Amino acid sequence: MTDHTQRFTGRVADYEQYRERYDASIILPRLRDWCGLAPNWLIADIGAGTGMLADVFLANHNPVLAIEPNPGMREACASAHASRPLLTIVDGSAEASTLDNHSVDLVTAGRALHWFDFDRSFAEFHRILKPHGWFVSIAFGRAGDGRAENVAIEDLLSSMNPNRVGTREAYAAYARLPQVLPRDYHHEEIAGEMHLTWPELFGLIRSISHAPLPTDPRFSAFERNLRDVFERYAANDRLTLTTKYWINAGRF
C-alpha cells in the first residue's frame, strides 16, 4: 500500500508558496448558513498541510487542531502560524487523529480527502465528533477542464502517472459523501479563474504530488513541456486557468 503521508515530501516549500489559497469570504458565509458555524466551535482540520484551510477558520476566530502526518508540512505550518495561539498542530492522520472521543464540533478536510483510507477515516471522524457535529470537505484549485489550458496541463500531469492511481479517479471519494453524511447534506460547486505568471505556474505544478521532482530524470522534459503550454496559451505573460470549489457539508 502506498504511504500517502510522504507524497508531499520534497514539495513543501512550493506547496506553501504557490498552492491556491482558500477564500474565507466564499467559505465562511456558507458554513454559517448551512451548519451554524460559530467562533466557539473547536475545529479539527485533517490533513492540514501548511495550514491553508485552517486559516479560514482562524479568520472566524475558531480554535483549530491541525492534524498532519508529514513532518515537513507540520514544520511549515508551525513556521507560518507562530503567532497564532488558536492553532494547535498535532502529529496524527485521518485514520488515527490521536484526538479524544466526541471532542470536536466540526471535522474538515481540504485537498487531502482523496488520500485518506475512506472507511477508516470516516470511522475516526465519527469517533472524534461531538453528537450532531459536522463534517465539511472543501476542495479548491485548478480544474481538470473548462479551458484548453486546463486540459493541456491535466494531460501533461496524467502522462507522469499513467496508472492514474491517486489522480482524478481517486476523487470518487467525494461522490461517496452524500451516503456517509445522510443528515443535512449540502453541496455546492463554484467556478472561477486564476491568472498565473510562468514562475507561479511552474511552482504550482511542482507542488502537485505526481509531478516529477528535480531529482527525477523526467524533470527537464516535463519543465519544457509545461513551458510550451504556457507559451501557447499565455496572454500578457499570464496563463488563465479555470478553478473550482467543491464544498460539501453534512452530519452522520
# chains A, B, ... in the order shown; residues from 1 in each chain; ligands from 1
call {"tool": "select_by_dssp", "arguments": {"residues": "range 2-243 of chain A", "states": "helix (DSSP H, G or I)", "output": "ChimeraX atom specification"}}
result
/A:4-6,12-18,24-35,52-59,71-80,113-115,118-128,148-159,168-175,177-180,198-206,219-233
call {"tool": "write_last_selection", "arguments": {"atoms": "C-alpha atoms", "output": "compact mmCIF listing (two decimals), in the first residue's frame"}}
result
# COMPACT_ATOMS: atom_id res chain seq x y z
CA HIS A 4 0.32 8.79 1.05
CA THR A 5 1.73 10.71 4.01
CA GLN A 6 5.03 11.01 2.11
CA VAL A 12 6.59 21.61 0.96
CA ALA A 13 8.24 24.92 0.00
CA ASP A 14 6.48 25.01 -3.38
CA TYR A 15 3.21 23.97 -1.76
CA GLU A 16 3.36 26.77 0.81
CA GLN A 17 4.38 29.43 -1.71
CA TYR A 18 2.34 28.55 -4.79
CA ALA A 24 -12.72 32.86 3.66
CA SER A 25 -15.30 35.23 2.14
CA ILE A 26 -16.57 32.35 -0.01
CA ILE A 27 -16.46 29.60 2.61
CA LEU A 28 -17.50 31.14 5.92
CA PRO A 29 -20.92 32.54 4.89
CA ARG A 30 -21.93 29.12 3.57
CA LEU A 31 -20.82 27.27 6.69
CA ARG A 32 -22.57 29.78 8.94
CA ASP A 33 -25.75 29.32 6.93
CA TRP A 34 -25.59 25.54 6.50
CA CYS A 35 -24.06 24.46 9.79
CA MET A 52 -4.23 26.96 4.38
CA LEU A 53 -7.70 25.68 5.24
CA ALA A 54 -7.07 26.23 8.95
CA ASP A 55 -6.55 29.92 8.07
CA VAL A 56 -10.21 30.15 7.01
CA PHE A 57 -11.40 29.01 10.45
CA LEU A 58 -8.82 31.14 12.23
CA ALA A 59 -10.33 34.11 10.39
CA PRO A 71 6.87 16.26 9.35
CA GLY A 72 7.83 18.81 6.71
CA MET A 73 4.26 20.03 6.41
CA ARG A 74 3.95 20.32 10.20
CA GLU A 75 7.17 22.35 10.37
CA ALA A 76 5.97 24.70 7.63
CA CYS A 77 2.61 25.07 9.34
CA ALA A 78 4.28 25.89 12.65
CA SER A 79 6.54 28.45 11.00
CA ALA A 80 3.66 30.15 9.18
CA LEU A 113 -9.54 13.96 1.35
CA HIS A 114 -8.79 11.71 -1.63
CA TRP A 115 -5.57 10.46 0.01
CA PHE A 118 -12.09 6.43 3.26
CA ASP A 119 -13.77 3.87 5.50
CA ARG A 120 -11.18 4.03 8.29
CA SER A 121 -11.03 7.82 8.25
CA PHE A 122 -14.78 8.30 8.40
CA ALA A 123 -14.99 5.89 11.30
CA GLU A 124 -12.37 8.08 13.00
CA PHE A 125 -14.29 11.27 12.21
CA HIS A 126 -17.45 9.78 13.69
CA ARG A 127 -15.47 8.88 16.83
CA ILE A 128 -13.98 12.34 17.44
CA ALA A 148 -7.93 24.27 -23.32
CA GLU A 149 -5.13 25.32 -20.96
CA ASN A 150 -6.59 23.24 -18.14
CA VAL A 151 -6.92 20.20 -20.38
CA ALA A 152 -3.35 20.53 -21.67
CA ILE A 153 -1.94 20.67 -18.12
CA GLU A 154 -4.13 17.78 -16.99
CA ASP A 155 -2.92 15.68 -19.91
CA LEU A 156 0.71 16.52 -19.12
CA LEU A 157 0.29 15.55 -15.46
CA SER A 158 -1.52 12.35 -16.44
CA SER A 159 1.43 11.37 -18.60
CA ARG A 168 -8.81 12.10 -10.81
CA GLU A 169 -10.06 8.57 -10.22
CA ALA A 170 -9.33 8.99 -6.52
CA TYR A 171 -11.87 11.79 -6.47
CA ALA A 172 -14.56 9.12 -6.37
CA ALA A 173 -14.23 9.65 -2.61
CA TYR A 174 -16.20 12.87 -2.98
CA ALA A 175 -19.08 11.03 -4.65
CA LEU A 177 -20.06 11.85 0.80
CA PRO A 178 -23.87 12.02 0.47
CA GLN A 179 -24.08 8.36 1.53
CA VAL A 180 -21.90 8.72 4.64
CA TRP A 198 5.37 31.40 -15.54
CA PRO A 199 7.11 31.16 -12.12
CA GLU A 200 3.71 30.88 -10.41
CA LEU A 201 2.51 28.16 -12.79
CA PHE A 202 5.77 26.22 -12.54
CA GLY A 203 5.73 26.41 -8.75
CA LEU A 204 2.09 25.38 -8.54
CA ILE A 205 2.61 22.35 -10.76
CA ARG A 206 5.81 21.33 -8.93
CA PHE A 219 12.03 16.65 -14.77
CA SER A 220 13.77 18.61 -17.55
CA ALA A 221 11.43 17.32 -20.26
CA PHE A 222 8.44 17.95 -18.01
CA GLU A 223 9.55 21.56 -17.45
CA ARG A 224 9.99 22.08 -21.21
CA ASN A 225 6.54 20.66 -21.96
CA LEU A 226 4.90 22.78 -19.29
CA ARG A 227 6.68 25.86 -20.62
CA ASP A 228 5.35 25.00 -24.08
CA VAL A 229 1.81 25.01 -22.67
CA PHE A 230 2.43 28.38 -21.05
CA GLU A 231 3.85 29.91 -24.25
CA ARG A 232 0.99 28.51 -26.33
CA TYR A 233 -1.82 29.92 -24.21
call {"tool": "residues_around", "arguments": {"residues": "range 101-109 of chain A", "least_positions_apart": "3", "cutoff": "6 Å", "atoms": "only C-alpha atoms", "output": "list in words"}}
result
Trp41, Leu42, Ile43, Ala44, Asp45, Ile46, Leu113, Arg127, Ile128, Leu129, Lys130, Gly133, Trp134, Phe135, Val136 and Ser137 of chain A
call {"tool": "write_last_selection", "arguments": {"atoms": "all heavy atoms", "output": "compact mmCIF listing (two decimals), in the first residue's frame"}}
result
# COMPACT_ATOMS: atom_id res chain seq x y z
N TRP A 41 -16.71 27.04 18.25
CA TRP A 41 -16.58 25.65 17.81
C TRP A 41 -15.10 25.27 17.72
O TRP A 41 -14.28 26.04 17.20
CB TRP A 41 -17.21 25.45 16.45
CG TRP A 41 -18.71 25.42 16.44
CD1 TRP A 41 -19.57 25.88 17.40
CD2 TRP A 41 -19.53 24.92 15.39
NE1 TRP A 41 -20.87 25.69 17.02
CE2 TRP A 41 -20.88 25.10 15.78
CE3 TRP A 41 -19.27 24.33 14.15
CZ2 TRP A 41 -21.96 24.72 14.98
CZ3 TRP A 41 -20.34 23.95 13.34
CH2 TRP A 41 -21.67 24.14 13.75
N LEU A 42 -14.79 24.06 18.17
CA LEU A 42 -13.45 23.51 18.01
C LEU A 42 -13.40 22.75 16.69
O LEU A 42 -14.21 21.85 16.44
CB LEU A 42 -13.11 22.57 19.18
CG LEU A 42 -11.74 21.87 19.10
CD1 LEU A 42 -10.61 22.89 19.08
CD2 LEU A 42 -11.59 20.91 20.28
N ILE A 43 -12.43 23.10 15.85
CA ILE A 43 -12.30 22.55 14.50
C ILE A 43 -11.13 21.59 14.45
O ILE A 43 -10.03 21.92 14.93
CB ILE A 43 -12.07 23.67 13.47
CG1 ILE A 43 -13.06 24.82 13.64
CG2 ILE A 43 -12.08 23.10 12.05
CD1 ILE A 43 -14.50 24.44 13.46
N ALA A 44 -11.32 20.42 13.86
CA ALA A 44 -10.23 19.50 13.55
C ALA A 44 -10.02 19.52 12.05
O ALA A 44 -10.88 19.07 11.29
CB ALA A 44 -10.54 18.08 14.03
N ASP A 45 -8.90 20.09 11.62
CA ASP A 45 -8.54 20.16 10.20
C ASP A 45 -7.64 18.97 9.90
O ASP A 45 -6.48 18.93 10.33
CB ASP A 45 -7.85 21.49 9.91
CG ASP A 45 -7.45 21.63 8.45
OD1 ASP A 45 -7.97 20.88 7.61
OD2 ASP A 45 -6.61 22.51 8.16
N ILE A 46 -8.16 18.01 9.14
CA ILE A 46 -7.47 16.74 8.92
C ILE A 46 -6.65 16.82 7.63
O ILE A 46 -7.16 17.21 6.58
CB ILE A 46 -8.48 15.58 8.82
CG1 ILE A 46 -9.46 15.60 10.00
CG2 ILE A 46 -7.75 14.26 8.71
CD1 ILE A 46 -8.85 15.33 11.34
N LEU A 113 -8.53 15.00 1.12
CA LEU A 113 -9.54 13.96 1.35
C LEU A 113 -9.31 12.70 0.51
O LEU A 113 -9.46 11.58 0.99
CB LEU A 113 -10.93 14.51 1.08
CG LEU A 113 -12.08 13.50 1.20
CD1 LEU A 113 -12.22 13.01 2.64
CD2 LEU A 113 -13.40 14.12 0.72
N ARG A 127 -15.92 9.06 15.43
CA ARG A 127 -15.47 8.88 16.83
C ARG A 127 -15.15 10.21 17.50
O ARG A 127 -15.48 10.44 18.67
CB ARG A 127 -14.23 7.98 16.85
CG ARG A 127 -13.70 7.69 18.26
CD ARG A 127 -12.39 6.93 18.24
NE ARG A 127 -11.26 7.72 17.76
CZ ARG A 127 -10.61 8.64 18.48
NH1 ARG A 127 -10.98 8.90 19.75
NH2 ARG A 127 -9.59 9.30 17.96
N ILE A 128 -14.46 11.12 16.79
CA ILE A 128 -13.98 12.34 17.44
C ILE A 128 -15.02 13.47 17.43
O ILE A 128 -14.89 14.42 18.21
CB ILE A 128 -12.66 12.83 16.81
CG1 ILE A 128 -12.84 13.26 15.36
CG2 ILE A 128 -11.59 11.76 16.95
CD1 ILE A 128 -11.57 13.83 14.73
N LEU A 129 -16.05 13.37 16.59
CA LEU A 129 -17.06 14.41 16.55
C LEU A 129 -18.00 14.32 17.74
O LEU A 129 -18.39 13.22 18.17
CB LEU A 129 -17.88 14.31 15.27
CG LEU A 129 -17.32 15.00 14.03
CD1 LEU A 129 -18.13 14.60 12.80
CD2 LEU A 129 -17.32 16.53 14.20
N LYS A 130 -18.40 15.47 18.24
CA LYS A 130 -19.46 15.51 19.24
C LYS A 130 -20.78 15.06 18.60
O LYS A 130 -20.93 15.11 17.37
CB LYS A 130 -19.61 16.93 19.78
CG LYS A 130 -18.41 17.45 20.54
CD LYS A 130 -18.63 18.89 20.98
CE LYS A 130 -17.42 19.45 21.71
NZ LYS A 130 -17.60 20.87 22.09
N GLY A 133 -22.27 16.76 15.50
CA GLY A 133 -21.20 17.52 14.88
C GLY A 133 -21.21 17.39 13.36
O GLY A 133 -21.87 16.51 12.79
N TRP A 134 -20.45 18.24 12.71
CA TRP A 134 -20.45 18.34 11.25
C TRP A 134 -19.12 17.87 10.65
O TRP A 134 -18.05 18.08 11.23
CB TRP A 134 -20.66 19.79 10.83
CG TRP A 134 -22.05 20.29 11.07
CD1 TRP A 134 -22.57 20.76 12.25
CD2 TRP A 134 -23.11 20.37 10.11
NE1 TRP A 134 -23.88 21.13 12.08
CE2 TRP A 134 -24.24 20.90 10.78
CE3 TRP A 134 -23.21 20.04 8.76
CZ2 TRP A 134 -25.46 21.11 10.13
CZ3 TRP A 134 -24.42 20.27 8.11
CH2 TRP A 134 -25.53 20.79 8.79
N PHE A 135 -19.23 17.30 9.43
CA PHE A 135 -18.05 17.08 8.60
C PHE A 135 -18.16 17.99 7.38
O PHE A 135 -19.23 18.07 6.74
CB PHE A 135 -17.94 15.63 8.11
CG PHE A 135 -16.81 15.45 7.13
CD1 PHE A 135 -15.50 15.33 7.58
CD2 PHE A 135 -17.04 15.46 5.76
CE1 PHE A 135 -14.45 15.22 6.67
CE2 PHE A 135 -16.00 15.34 4.85
CZ PHE A 135 -14.70 15.21 5.32
N VAL A 136 -17.06 18.66 7.05
CA VAL A 136 -17.02 19.59 5.92
C VAL A 136 -15.82 19.25 5.05
O VAL A 136 -14.70 19.12 5.54
CB VAL A 136 -16.93 21.05 6.41
CG1 VAL A 136 -16.70 21.99 5.24
CG2 VAL A 136 -18.19 21.44 7.17
N SER A 137 -16.05 19.11 3.76
CA SER A 137 -14.98 18.92 2.77
C SER A 137 -14.94 20.14 1.88
O SER A 137 -15.95 20.54 1.30
CB SER A 137 -15.26 17.66 1.94
OG SER A 137 -14.43 17.64 0.78
call {"tool": "atom_distance", "arguments": {"atom1": "CA of Asn70 in chain A", "atom2": "CA of Ala48 in chain A"}}
result
9.6 Å
call {"tool": "atom_distance", "arguments": {"atom1": "CA of His195 in chain A", "atom2": "CA of Thr240 in chain A"}}
result
4.5 Å
call {"tool": "residues_around", "arguments": {"residues": "Ile67 in chain A", "least_positions_apart": "4", "cutoff": "10 Å", "atoms": "only C-alpha atoms", "output": "number ranges by chain"}}
result
A: 44-49, 51, 74, 88-94, 96-99, 109
call {"tool": "closest_residue", "arguments": {"among": "A:Ala82, A:Ala143, A:Ala234, A:Leu239", "to": "Ile190 in chain A", "atoms": "only C-alpha atoms"}}
result
A:Ala143
call {"tool": "select_by_dssp", "arguments": {"residues": "range 11-246 of chain A", "states": "strand (DSSP E or B)", "output": "PyMOL selection string"}}
result
chain A and resi 43-46+64-67+87-90+104-109+129-142+183-196+235+238-246
call {"tool": "atom_distance", "arguments": {"atom1": "CA of Ser209 in chain A", "atom2": "CA of Leu196 in chain A"}}
result
19.6 Å
call {"tool": "closest_residue", "arguments": {"among": "A:Gly144, A:Pro63, A:Ala249, A:Ala211", "to": "Glu188 in chain A", "atoms": "only C-alpha atoms"}}
result
A:Ala249
